[in-house]
Structure formats: structure tokens, C-alpha cells
file start17.cif (mmCIF, C-alpha atoms)
data_model
loop_
_atom_site.group_PDB
_atom_site.id
_atom_site.type_symbol
_atom_site.label_atom_id
_atom_site.label_comp_id
_atom_site.auth_asym_id
_atom_site.auth_seq_id
_atom_site.Cartn_x
_atom_site.Cartn_y
_atom_site.Cartn_z
ATOM 1 C CA MET A 175 -9.201 17.217 12.592
ATOM 2 C CA GLY A 176 -10.594 15.411 9.577
ATOM 3 C CA THR A 177 -11.829 11.832 9.358
ATOM 4 C CA PRO A 178 -11.528 9.135 6.692
ATOM 5 C CA LEU A 179 -15.191 9.750 5.825
ATOM 6 C CA GLY A 180 -14.697 13.485 5.396
ATOM 7 C CA ASP A 181 -11.487 12.986 3.414
ATOM 8 C CA PHE A 182 -13.255 10.648 0.988
ATOM 9 C CA ILE A 183 -16.200 12.988 0.444
ATOM 10 C CA ARG A 184 -13.881 15.938 -0.211
ATOM 11 C CA ALA A 185 -11.714 13.890 -2.564
ATOM 12 C CA LYS A 186 -14.733 12.760 -4.598
ATOM 13 C CA ARG A 187 -16.200 16.252 -4.610
ATOM 14 C CA ASP A 188 -12.930 17.727 -5.885
ATOM 15 C CA ALA A 189 -12.702 15.101 -8.623
ATOM 16 C CA ILE A 190 -16.192 15.664 -10.045
ATOM 17 C CA GLN A 191 -16.742 18.166 -12.836
ATOM 18 C CA PRO A 192 -20.067 19.980 -12.260
ATOM 19 C CA GLU A 193 -21.122 19.579 -15.891
ATOM 20 C CA SER A 194 -20.911 15.775 -15.535
ATOM 21 C CA LEU A 195 -23.851 16.050 -13.128
ATOM 22 C CA GLY A 196 -25.728 18.539 -15.275
ATOM 23 C CA LEU A 197 -24.663 21.545 -13.181
ATOM 24 C CA PRO A 198 -23.282 24.824 -14.559
ATOM 25 C CA ASP A 199 -19.541 25.386 -14.177
ATOM 26 C CA ARG A 200 -19.622 28.778 -12.473
ATOM 27 C CA ASP A 201 -16.808 31.259 -12.992
ATOM 28 C CA ARG A 202 -14.217 32.305 -10.401
ATOM 29 C CA ARG A 203 -14.197 29.006 -8.560
ATOM 30 C CA ARG A 204 -11.825 28.942 -5.583
ATOM 31 C CA SER A 205 -11.295 25.184 -5.807
ATOM 32 C CA PRO A 206 -11.688 22.498 -8.476
ATOM 33 C CA GLY A 207 -14.595 20.120 -8.671
ATOM 34 C CA LEU A 208 -18.063 20.226 -7.182
ATOM 35 C CA ARG A 209 -18.995 23.038 -4.810
ATOM 36 C CA ARG A 210 -19.961 22.056 -1.291
ATOM 37 C CA LEU A 211 -23.227 23.956 -1.748
ATOM 38 C CA ASP A 212 -24.063 21.982 -4.902
ATOM 39 C CA LEU A 213 -23.376 18.646 -3.196
ATOM 40 C CA ALA A 214 -25.398 19.615 -0.123
ATOM 41 C CA THR A 215 -28.311 20.683 -2.309
ATOM 42 C CA ARG A 216 -28.245 17.449 -4.306
ATOM 43 C CA ALA A 217 -28.100 15.421 -1.056
ATOM 44 C CA GLY A 218 -30.917 17.370 0.577
ATOM 45 C CA ILE A 219 -28.854 18.501 3.576
ATOM 46 C CA SER A 220 -27.567 21.889 4.667
ATOM 47 C CA MET A 221 -24.152 23.119 3.547
ATOM 48 C CA GLU A 222 -23.245 23.674 7.213
ATOM 49 C CA TYR A 223 -24.013 20.033 8.062
ATOM 50 C CA LEU A 224 -21.968 18.793 5.098
ATOM 51 C CA ALA A 225 -19.087 21.001 6.236
ATOM 52 C CA ARG A 226 -19.244 19.446 9.717
ATOM 53 C CA ILE A 227 -19.049 15.942 8.200
ATOM 54 C CA GLU A 228 -16.152 16.850 5.910
ATOM 55 C CA GLN A 229 -14.219 18.558 8.695
ATOM 56 C CA GLY A 230 -14.779 15.741 11.190
ATOM 57 C CA ARG A 231 -16.948 17.768 13.549
ATOM 58 C CA ASP A 232 -19.860 15.350 13.003
ATOM 59 C CA ARG A 233 -18.672 11.735 13.061
ATOM 60 C CA ASN A 234 -22.008 9.967 13.175
ATOM 61 C CA PRO A 235 -24.151 10.853 10.151
ATOM 62 C CA SER A 236 -27.214 8.672 9.774
ATOM 63 C CA THR A 237 -27.435 5.904 7.193
ATOM 64 C CA ALA A 238 -29.974 8.003 5.287
ATOM 65 C CA VAL A 239 -27.540 10.929 5.084
ATOM 66 C CA VAL A 240 -24.661 8.696 3.960
ATOM 67 C CA ASN A 241 -26.859 7.160 1.255
ATOM 68 C CA ALA A 242 -28.031 10.614 0.160
ATOM 69 C CA ILE A 243 -24.422 11.777 -0.214
ATOM 70 C CA ALA A 244 -23.614 8.626 -2.205
ATOM 71 C CA ASP A 245 -26.551 9.352 -4.525
ATOM 72 C CA ALA A 246 -25.550 13.004 -4.863
ATOM 73 C CA LEU A 247 -21.998 12.026 -5.852
ATOM 74 C CA SER A 248 -23.314 9.336 -8.259
ATOM 75 C CA LEU A 249 -20.969 6.800 -6.711
ATOM 76 C CA ALA A 250 -20.407 3.374 -8.224
ATOM 77 C CA THR A 251 -21.338 0.329 -6.140
ATOM 78 C CA SER A 252 -17.752 -0.257 -4.954
ATOM 79 C CA GLU A 253 -17.441 3.415 -3.989
ATOM 80 C CA ARG A 254 -20.754 3.312 -2.108
ATOM 81 C CA ASN A 255 -19.561 0.315 -0.133
ATOM 82 C CA HIS A 256 -16.352 2.150 0.712
ATOM 83 C CA LEU A 257 -18.291 5.259 1.790
ATOM 84 C CA ARG A 258 -20.488 3.180 4.105
ATOM 85 C CA TYR A 259 -17.442 1.426 5.546
ATOM 86 C CA LEU A 260 -15.712 4.742 6.237
ATOM 87 C CA ALA A 261 -18.863 6.009 7.948
ATOM 88 C CA LYS A 262 -18.785 2.931 10.173
ATOM 89 C CA ILE A 263 -15.148 3.202 11.227
ATOM 90 C CA THR A 264 -15.414 6.966 11.637
ATOM 91 C CA GLY A 265 -18.274 6.432 14.087
ATOM 92 C CA ASP A 266 -16.358 3.703 15.943
ATOM 93 C CA GLU A 267 -13.350 5.981 16.152
ATOM 94 C CA CYS A 268 -15.009 8.354 18.585
ATOM 95 C CA SER A 269 -16.862 5.746 20.653
ATOM 96 C CA ALA A 270 -15.792 5.928 24.292
ATOM 97 C CA HIS A 271 -16.401 2.191 24.672
ATOM 98 C CA PHE A 272 -14.531 1.122 21.533
ATOM 99 C CA LYS A 273 -11.243 -0.658 22.172
ATOM 100 C CA PRO A 274 -9.349 -1.941 19.149
ATOM 101 C CA ALA A 275 -8.122 -5.504 19.164
ATOM 102 C CA PRO A 276 -4.862 -6.489 17.477
ATOM 103 C CA PRO A 277 -5.365 -7.979 14.015
ATOM 104 C CA ARG A 278 -5.824 -11.720 14.287
ATOM 105 C CA ARG A 279 -2.723 -13.649 13.211
ATOM 106 C CA GLN A 280 -3.733 -17.202 14.087
ATOM 107 C CA VAL A 281 -5.177 -19.251 11.228
ATOM 108 C CA ARG A 282 -7.968 -21.607 12.209
ATOM 109 C CA PRO A 283 -7.352 -25.361 11.636
ATOM 110 C CA SER A 284 -10.240 -25.577 9.167
ATOM 111 C CA VAL A 285 -8.748 -22.711 7.153
ATOM 112 C CA MET A 286 -5.389 -24.509 7.105
ATOM 113 C CA ASP A 287 -7.197 -27.651 5.915
ATOM 114 C CA THR A 288 -8.720 -25.606 3.092
ATOM 115 C CA LEU A 289 -5.304 -24.239 2.140
ATOM 116 C CA ARG A 290 -3.857 -27.752 2.247
ATOM 117 C CA MET A 291 -6.368 -28.794 -0.415
ATOM 118 C CA LEU A 292 -4.935 -25.992 -2.586
ATOM 119 C CA GLU A 293 -1.330 -27.072 -2.045
ATOM 120 C CA GLN A 294 -0.659 -27.715 -5.734
ATOM 121 C CA GLY A 295 -1.735 -24.175 -6.536
ATOM 122 C CA ILE A 296 -0.689 -20.665 -5.552
ATOM 123 C CA ALA A 297 -2.618 -19.582 -2.457
ATOM 124 C CA ILE A 298 -2.142 -17.564 0.730
ATOM 125 C CA VAL A 299 -4.001 -16.488 3.846
ATOM 126 C CA THR A 300 -3.677 -12.810 4.751
ATOM 127 C CA ASN A 301 -5.241 -10.435 7.233
ATOM 128 C CA ARG A 302 -6.533 -6.977 6.348
ATOM 129 C CA LEU A 303 -3.207 -5.289 7.070
ATOM 130 C CA GLY A 304 -1.409 -7.348 4.436
ATOM 131 C CA ASP A 305 0.282 -9.819 6.811
ATOM 132 C CA VAL A 306 0.987 -13.153 5.116
ATOM 133 C CA LEU A 307 -0.238 -15.715 7.654
ATOM 134 C CA ALA A 308 0.012 -18.968 5.698
ATOM 135 C CA TYR A 309 0.936 -20.015 2.175
ATOM 136 C CA THR A 310 1.308 -23.022 -0.089
ATOM 137 C CA GLY A 311 4.640 -24.384 -1.204
ATOM 138 C CA THR A 312 3.952 -23.236 -4.757
ATOM 139 C CA TYR A 313 3.404 -19.681 -3.530
ATOM 140 C CA ALA A 314 6.801 -19.855 -1.841
ATOM 141 C CA THR A 315 8.364 -21.020 -5.113
ATOM 142 C CA VAL A 316 6.675 -18.307 -7.164
ATOM 143 C CA THR A 317 7.945 -15.615 -4.780
ATOM 144 C CA SER A 318 11.389 -17.123 -4.165
ATOM 145 C CA GLY A 319 14.221 -14.701 -4.791
ATOM 146 C CA THR A 320 11.941 -11.656 -4.591
ATOM 147 C CA GLY A 321 12.295 -10.931 -0.851
ATOM 148 C CA LEU A 322 8.553 -11.022 -0.234
ATOM 149 C CA LEU A 323 8.741 -13.837 2.324
ATOM 150 C CA ASP A 324 12.158 -12.972 3.769
ATOM 151 C CA ALA A 325 10.875 -11.189 6.880
ATOM 152 C CA GLU A 326 10.037 -13.127 10.029
ATOM 153 C CA THR A 327 6.488 -11.790 9.712
ATOM 154 C CA PRO A 328 6.018 -11.092 5.980
ATOM 155 C CA ASN A 329 3.722 -8.215 5.061
ATOM 156 C CA ILE A 330 2.784 -7.522 1.443
ATOM 157 C CA THR A 331 2.053 -3.839 1.994
ATOM 158 C CA ARG A 332 5.371 -3.215 3.704
ATOM 159 C CA TYR A 333 7.157 -5.148 0.940
ATOM 160 C CA VAL A 334 5.462 -3.198 -1.864
ATOM 161 C CA PHE A 335 6.359 0.207 -0.441
ATOM 162 C CA THR A 336 9.764 -0.400 1.145
ATOM 163 C CA ASP A 337 11.576 -3.138 -0.807
ATOM 164 C CA PRO A 338 13.041 -1.995 -4.174
ATOM 165 C CA ARG A 339 12.692 -5.558 -5.494
ATOM 166 C CA ALA A 340 8.909 -5.157 -5.419
ATOM 167 C CA ARG A 341 9.037 -2.728 -8.345
ATOM 168 C CA THR A 342 10.626 -5.439 -10.459
ATOM 169 C CA PHE A 343 8.553 -8.364 -9.188
ATOM 170 C CA PHE A 344 5.214 -6.596 -9.748
ATOM 171 C CA ALA A 345 5.123 -5.631 -13.420
ATOM 172 C CA ASP A 346 2.308 -3.158 -12.698
ATOM 173 C CA TRP A 347 3.742 -1.817 -9.466
ATOM 174 C CA ASP A 348 1.705 1.402 -9.440
ATOM 175 C CA ALA A 349 -1.581 -0.495 -9.627
ATOM 176 C CA ILE A 350 -0.498 -2.910 -6.877
ATOM 177 C CA ALA A 351 0.616 0.002 -4.675
ATOM 178 C CA ASP A 352 -2.821 1.589 -5.124
ATOM 179 C CA GLU A 353 -4.508 -1.687 -4.156
ATOM 180 C CA GLN A 354 -2.405 -2.230 -1.037
ATOM 181 C CA ALA A 355 -2.890 1.329 0.210
ATOM 182 C CA PHE A 356 -6.642 1.201 -0.386
ATOM 183 C CA ASP A 357 -7.039 -2.199 1.287
ATOM 184 C CA LEU A 358 -5.625 -0.828 4.535
ATOM 185 C CA TRP A 359 -8.936 0.951 5.020
ATOM 186 C CA LEU A 360 -10.509 -2.494 5.471
ATOM 187 C CA ALA A 361 -8.564 -2.997 8.692
ATOM 188 C CA PRO A 362 -10.806 -3.889 11.661
ATOM 189 C CA SER A 363 -10.408 -0.353 13.035
ATOM 190 C CA VAL A 364 -8.692 2.944 12.344
ATOM 191 C CA GLU A 365 -6.356 2.224 15.247
ATOM 192 C CA ASN A 366 -5.267 -1.092 13.711
ATOM 193 C CA LEU A 367 -4.553 0.676 10.457
ATOM 194 C CA GLU A 368 -2.452 3.253 12.296
ATOM 195 C CA TRP A 369 -0.223 0.550 13.801
ATOM 196 C CA LEU A 370 1.021 -0.265 10.319
ATOM 197 C CA THR A 371 0.913 3.200 8.751
ATOM 198 C CA ALA A 372 2.975 4.650 11.605
ATOM 199 C CA GLU A 373 5.739 2.278 10.536
ATOM 200 C CA LEU A 374 5.294 2.821 6.798
ATOM 201 C CA ILE A 375 5.016 6.599 6.614
ATOM 202 C CA PRO A 376 8.645 7.321 7.662
ATOM 203 C CA LEU A 377 9.931 4.657 5.258
ATOM 204 C CA ALA A 378 7.648 5.103 2.256
ATOM 205 C CA GLY A 379 6.931 8.836 2.595
ATOM 206 C CA THR A 380 4.512 10.764 0.420
ATOM 207 C CA ASP A 381 4.257 8.019 -2.202
ATOM 208 C CA PHE A 382 2.407 5.960 0.401
ATOM 209 C CA THR A 383 0.396 8.696 2.145
ATOM 210 C CA ARG A 384 -0.802 10.140 -1.160
ATOM 211 C CA ARG A 385 -2.233 6.789 -2.199
ATOM 212 C CA LEU A 386 -3.689 6.089 1.247
ATOM 213 C CA ASN A 387 -5.555 9.390 1.434
ATOM 214 C CA ARG A 388 -6.799 9.374 -2.154
ATOM 215 C CA HIS A 389 -9.574 6.852 -1.368
ATOM 216 C CA GLU A 390 -9.758 5.800 -4.993
ATOM 217 C CA VAL A 391 -11.284 2.342 -5.394
ATOM 218 C CA PRO A 392 -8.738 0.364 -7.465
ATOM 219 C CA ARG A 393 -9.555 -1.650 -10.561
ATOM 220 C CA ARG A 394 -8.118 -5.083 -9.957
ATOM 221 C CA GLY A 395 -6.971 -6.546 -13.224
ATOM 222 C CA VAL A 396 -4.705 -9.430 -14.105
ATOM 223 C CA LEU A 397 -1.725 -9.672 -11.766
ATOM 224 C CA ARG A 398 1.561 -9.728 -13.701
ATOM 225 C CA LEU A 399 4.592 -11.087 -11.868
ATOM 226 C CA ARG A 400 8.156 -11.146 -13.151
ATOM 227 C CA HIS A 401 9.606 -14.297 -11.652
ATOM 228 C CA PRO A 402 13.399 -14.151 -11.138
ATOM 229 C CA SER A 403 13.830 -17.341 -13.176
ATOM 230 C CA GLY A 404 12.505 -15.639 -16.289
ATOM 231 C CA PRO A 405 8.822 -16.221 -17.106
ATOM 232 C CA GLU A 406 6.234 -13.485 -16.632
ATOM 233 C CA LEU A 407 3.233 -14.909 -14.837
ATOM 234 C CA ARG A 408 -0.257 -13.569 -15.575
ATOM 235 C CA LEU A 409 -2.632 -14.495 -12.771
ATOM 236 C CA THR A 410 -6.238 -13.838 -11.866
ATOM 237 C CA ARG A 411 -7.173 -13.625 -8.206
ATOM 238 C CA GLU A 412 -10.102 -15.204 -6.396
ATOM 239 C CA THR A 413 -10.658 -14.157 -2.787
ATOM 240 C CA LEU A 414 -12.557 -16.064 -0.121
ATOM 241 C CA GLU A 415 -13.437 -13.707 2.719
ATOM 242 C CA LEU A 416 -13.259 -14.945 6.311
ATOM 243 C CA PRO A 417 -15.226 -12.169 8.073
ATOM 244 C CA ALA A 418 -15.075 -13.682 11.564
ATOM 245 C CA ASP A 419 -11.275 -13.602 11.430
ATOM 246 C CA ASP A 420 -10.782 -10.445 9.339
ATOM 247 C CA GLN A 421 -8.753 -12.642 7.003
ATOM 248 C CA GLN A 422 -8.912 -13.856 3.417
ATOM 249 C CA ILE A 423 -7.792 -16.839 1.390
ATOM 250 C CA VAL A 424 -6.444 -15.588 -1.937
ATOM 251 C CA VAL A 425 -6.012 -18.080 -4.788
ATOM 252 C CA PHE A 426 -3.952 -17.112 -7.837
ATOM 253 C CA LEU A 427 -5.039 -18.794 -11.074
ATOM 254 C CA PRO A 428 -3.191 -18.825 -14.418
ATOM 255 C CA ALA A 429 -4.721 -16.340 -16.848
ATOM 256 C CA ASP A 430 -3.311 -18.034 -19.966
ATOM 257 C CA ASP A 431 -1.783 -21.301 -21.162
ATOM 258 C CA GLN A 432 1.792 -20.008 -20.999
ATOM 259 C CA THR A 433 1.356 -19.097 -17.337
ATOM 260 C CA ALA A 434 -0.308 -22.444 -16.619
ATOM 261 C CA ARG A 435 2.721 -24.268 -18.015
ATOM 262 C CA ALA A 436 5.124 -22.034 -16.075
ATOM 263 C CA VAL A 437 3.218 -22.536 -12.803
ATOM 264 C CA ASP A 438 3.163 -26.292 -13.368
ATOM 265 C CA GLN A 439 6.927 -26.242 -13.864
ATOM 266 C CA LEU A 440 7.425 -24.125 -10.737
ATOM 267 C CA HIS A 441 5.242 -26.504 -8.747
ATOM 268 C CA ARG A 442 7.346 -29.479 -9.825
ATOM 269 C CA GLN A 443 10.427 -27.573 -8.706
ATOM 270 C CA SER A 444 8.843 -26.696 -5.377
ATOM 271 C CA ARG A 445 10.348 -28.309 -2.325
ATOM 272 C CA GLY A 446 8.366 -26.239 0.124
ATOM 273 C CA ARG A 447 5.351 -27.269 2.108
ATOM 274 C CA LEU A 448 2.321 -25.537 3.432
ATOM 275 C CA ARG A 449 3.464 -23.086 6.072
ATOM 276 C CA SER A 450 1.662 -21.120 8.778
ATOM 277 C CA ILE A 451 3.301 -18.064 10.315
ATOM 278 C CA SER A 452 2.178 -17.368 13.903
#
call {"tool": "encode", "arguments": {"input": "start17.cif", "output": "C-alpha cells"}}
result
Amino acid sequence: MGTPLGDFIRAKRDAIQPESLGLPDRDRRRSPGLRRLDLATRAGISMEYLARIEQGRDRNPSTAVVNAIADALSLATSERNHLRYLAKITGDECSAHFKPAPPRRQVRPSVMDTLRMLEQGIAIVTNRLGDVLAYTGTYATVTSGTGLLDAETPNITRYVFTDPRARTFFADWDAIADEQAFDLWLAPSVENLEWLTAELIPLAGTDFTRRLNRHEVPRRGVLRLRHPSGPELRLTRETLELPADDQQIVVFLPADDQTARAVDQLHRQSRGRLRSIS
């Protein structure tokens, strides 16, 4: 049985053209991309050891080996961070003493105080599975009529992949779907991730699993939202990580003057207040 670490290494290896690394493209290749032998040679490890990592038979490669593989694949910084994270959760996965805890849903009072200071803006608190835990009144107004907050326990990932309205609300739905699937790998443990994916896979099917298993680090550009009342909102996102809670505060800022005016109008129309979902 494979592991997230092995899946990522294979996916990157398959996506790399040998000539991009200065290697000859040998004839009669059985599979696309970089040969396992070539990657092992570049990383300074045996092909047999690399095969064990890719196939999940070795779940605890050393930091030096992980870094050597990252160098051999010429990974970007964001990809290196993802590789190291997958190595960590793959090792935890087989630990006999590792017991996953449910994702934290309670929002600390000081975090709520921080969100309260952002009440005039668009801001939310989420955990790493996409659960919306708290939000400002303006966020509720911006998402009103879209169905995003309709559930008793709203979840952005579930909404993106299972609610048809999401494809209208998110102007760049494909990019958002890639982001949400990738971010699930940041769950506190593989087991926590599986709690949500077990629910999503039957509903979202291959469109979800393909994105989840691709391990492609998304490029997060301007977020474009089609508000039901008419204006398209162009927003940049700033994220404040809360590592102790496995949560984040996400603030959405207008990317242009037209959006700033539209958000100001929506805020004046807002009758909602800061809300925490427990």
C-alpha cells in the first residue's frame, strides 16, 4: 500500500522531463517522466531504497534522504515544504503510539477578539479540514445566497465539491478546487483527513480524488467571487496561522477600487454579527 509521501514522489517523477534536468531521454521508456534509477542516482540512494519509499514499504526515511530527493527533483520551496510535511505524516501514520485527535473546533476567546476587531471586513476562522468556525457579519453578507453557510457545520471543501452553486460563486472554480484538495494534506494527521475524504469521495467522485492525489502545490492568485446581487468581487487573501490550534484566520482584502466600493456597500447592508460555530 502506498503512502502520501510515495505518491508525491512518483507524481513529481512522472511529471519531470529528463532533458529538463540535463539527462538523456532514452528510447523505449515504459512510463513517462524521470526514471526511478535516474532519480535514485541524483539523490545518492539505491534504486531499491527509492522503490521502498515510493511503494510505502519504508515509511521513515531520514531527513537527509528527504532533502536529497527534494534536491534531485529540483523542487521549489513550497514543494519542498510539502515533501517534508508528507514525510512527517507518513512516519506518524505507522507509529504504534500515535492516536489522532479530532480537529479542534473551539475558537479561543483571544482569537474571537481578534476577529471582532476585523468585523467591518471580510474574515473567517477555519481549521485545516475547511470547517468554517467563526466569521464576521460582512463575510456572511458576501456569501449570502450562495449556500456556503447553510449547513449547521459549514465546510468550504465540502461546499466546493458537492454544491453546484459553488461553480457559479467561485469564478475560478477549478483553481479553488485544487486549493481545497491540496490543503487537506495539512490536516493534523492522515486519519483526520480520512474522516472528511471518506464523506467526500462518494459524493464528489474522481474529480475530488484526482485533485487530492495529484499533490500539485496550487498557485493562489486573486480570489474572484460572483456575488448573487451582481458585482464580481476580486479579493486578495492574508492568512494568520494559529499552529497550536491547527486553525487559521483568513482576511479577504479588496484587490481593486471597484471591489472596495462593493464591499463597503455590502457591509452597510450587513445585519449580521460576528458568529462562532461550535
call {"tool": "resolve_selection", "arguments": {"input": "start17.cif", "expression": "the PyMOL selection byres ((chain A and resi 422-433) around 9)", "output": "PDB file with C-alpha atoms, keeping the file's coordinate frame"}}
result
ATOM      1  CA  VAL A 285      -8.748 -22.711   7.153  1.00  0.00           C
ATOM      2  CA  THR A 288      -8.720 -25.606   3.092  1.00  0.00           C
ATOM      3  CA  LEU A 289      -5.304 -24.239   2.140  1.00  0.00           C
ATOM      4  CA  LEU A 292      -4.935 -25.992  -2.586  1.00  0.00           C
ATOM      5  CA  GLY A 295      -1.735 -24.175  -6.536  1.00  0.00           C
ATOM      6  CA  ILE A 296      -0.689 -20.665  -5.552  1.00  0.00           C
ATOM      7  CA  ALA A 297      -2.618 -19.582  -2.457  1.00  0.00           C
ATOM      8  CA  ILE A 298      -2.142 -17.564   0.730  1.00  0.00           C
ATOM      9  CA  VAL A 299      -4.001 -16.488   3.846  1.00  0.00           C
ATOM     10  CA  THR A 300      -3.677 -12.810   4.751  1.00  0.00           C
ATOM     11  CA  ASN A 301      -5.241 -10.435   7.233  1.00  0.00           C
ATOM     12  CA  ARG A 302      -6.533  -6.977   6.348  1.00  0.00           C
ATOM     13  CA  TYR A 313       3.404 -19.681  -3.530  1.00  0.00           C
ATOM     14  CA  VAL A 396      -4.705  -9.430 -14.105  1.00  0.00           C
ATOM     15  CA  LEU A 397      -1.725  -9.672 -11.766  1.00  0.00           C
ATOM     16  CA  PRO A 405       8.822 -16.221 -17.106  1.00  0.00           C
ATOM     17  CA  GLU A 406       6.234 -13.485 -16.632  1.00  0.00           C
ATOM     18  CA  LEU A 407       3.233 -14.909 -14.837  1.00  0.00           C
ATOM     19  CA  ARG A 408      -0.257 -13.569 -15.575  1.00  0.00           C
ATOM     20  CA  LEU A 409      -2.632 -14.495 -12.771  1.00  0.00           C
ATOM     21  CA  THR A 410      -6.238 -13.838 -11.866  1.00  0.00           C
ATOM     22  CA  ARG A 411      -7.173 -13.625  -8.206  1.00  0.00           C
ATOM     23  CA  GLU A 412     -10.102 -15.204  -6.396  1.00  0.00           C
ATOM     24  CA  THR A 413     -10.658 -14.157  -2.787  1.00  0.00           C
ATOM     25  CA  LEU A 414     -12.557 -16.064  -0.121  1.00  0.00           C
ATOM     26  CA  GLU A 415     -13.437 -13.707   2.719  1.00  0.00           C
ATOM     27  CA  LEU A 416     -13.259 -14.945   6.311  1.00  0.00           C
ATOM     28  CA  PRO A 417     -15.226 -12.169   8.073  1.00  0.00           C
ATOM     29  CA  ASP A 419     -11.275 -13.602  11.430  1.00  0.00           C
ATOM     30  CA  ASP A 420     -10.782 -10.445   9.339  1.00  0.00           C
ATOM     31  CA  GLN A 421      -8.753 -12.642   7.003  1.00  0.00           C
ATOM     32  CA  ALA A 434      -0.308 -22.444 -16.619  1.00  0.00           C
ATOM     33  CA  ARG A 435       2.721 -24.268 -18.015  1.00  0.00           C
ATOM     34  CA  ALA A 436       5.124 -22.034 -16.075  1.00  0.00           C
ATOM     35  CA  VAL A 437       3.218 -22.536 -12.803  1.00  0.00           C
ATOM     36  CA  ASP A 438       3.163 -26.292 -13.368  1.00  0.00           C
TER      37      ASP A 438
END
call {"tool": "closest_residue", "arguments": {"input": "start17.cif", "among": "A:Thr251, A:Ser220, A:Thr177, A:Asn234", "to": "Gly265 (chain A)", "atoms": "all atoms listed in the file"}}
result
A:Asn234
call {"tool": "resolve_selection", "arguments": {"input": "start17.cif", "expression": "the PyMOL selection byres ((chain A and resi 333-339) around 8)", "output": "VMD selection string"}}
result
chain A and resid 320 to 322 328 to 332 340 to 343 347 350 to 351 354 374 377 to 378 382
call {"tool": "resolve_selection", "arguments": {"input": "start17.cif", "expression": "the PyMOL selection byres ((chain A and resi 243) around 10)", "output": "VMD selection string"}}
result
chain A and resid 183 213 to 219 224 237 to 242 244 to 249 254 257
call {"tool": "closest_residue", "arguments": {"input": "start17.cif", "among": "A:Ala418, A:Met291, A:Leu367, A:Ala325", "to": "Leu448 (chain A)", "atoms": "all atoms listed in the file"}}
result
A:Met291
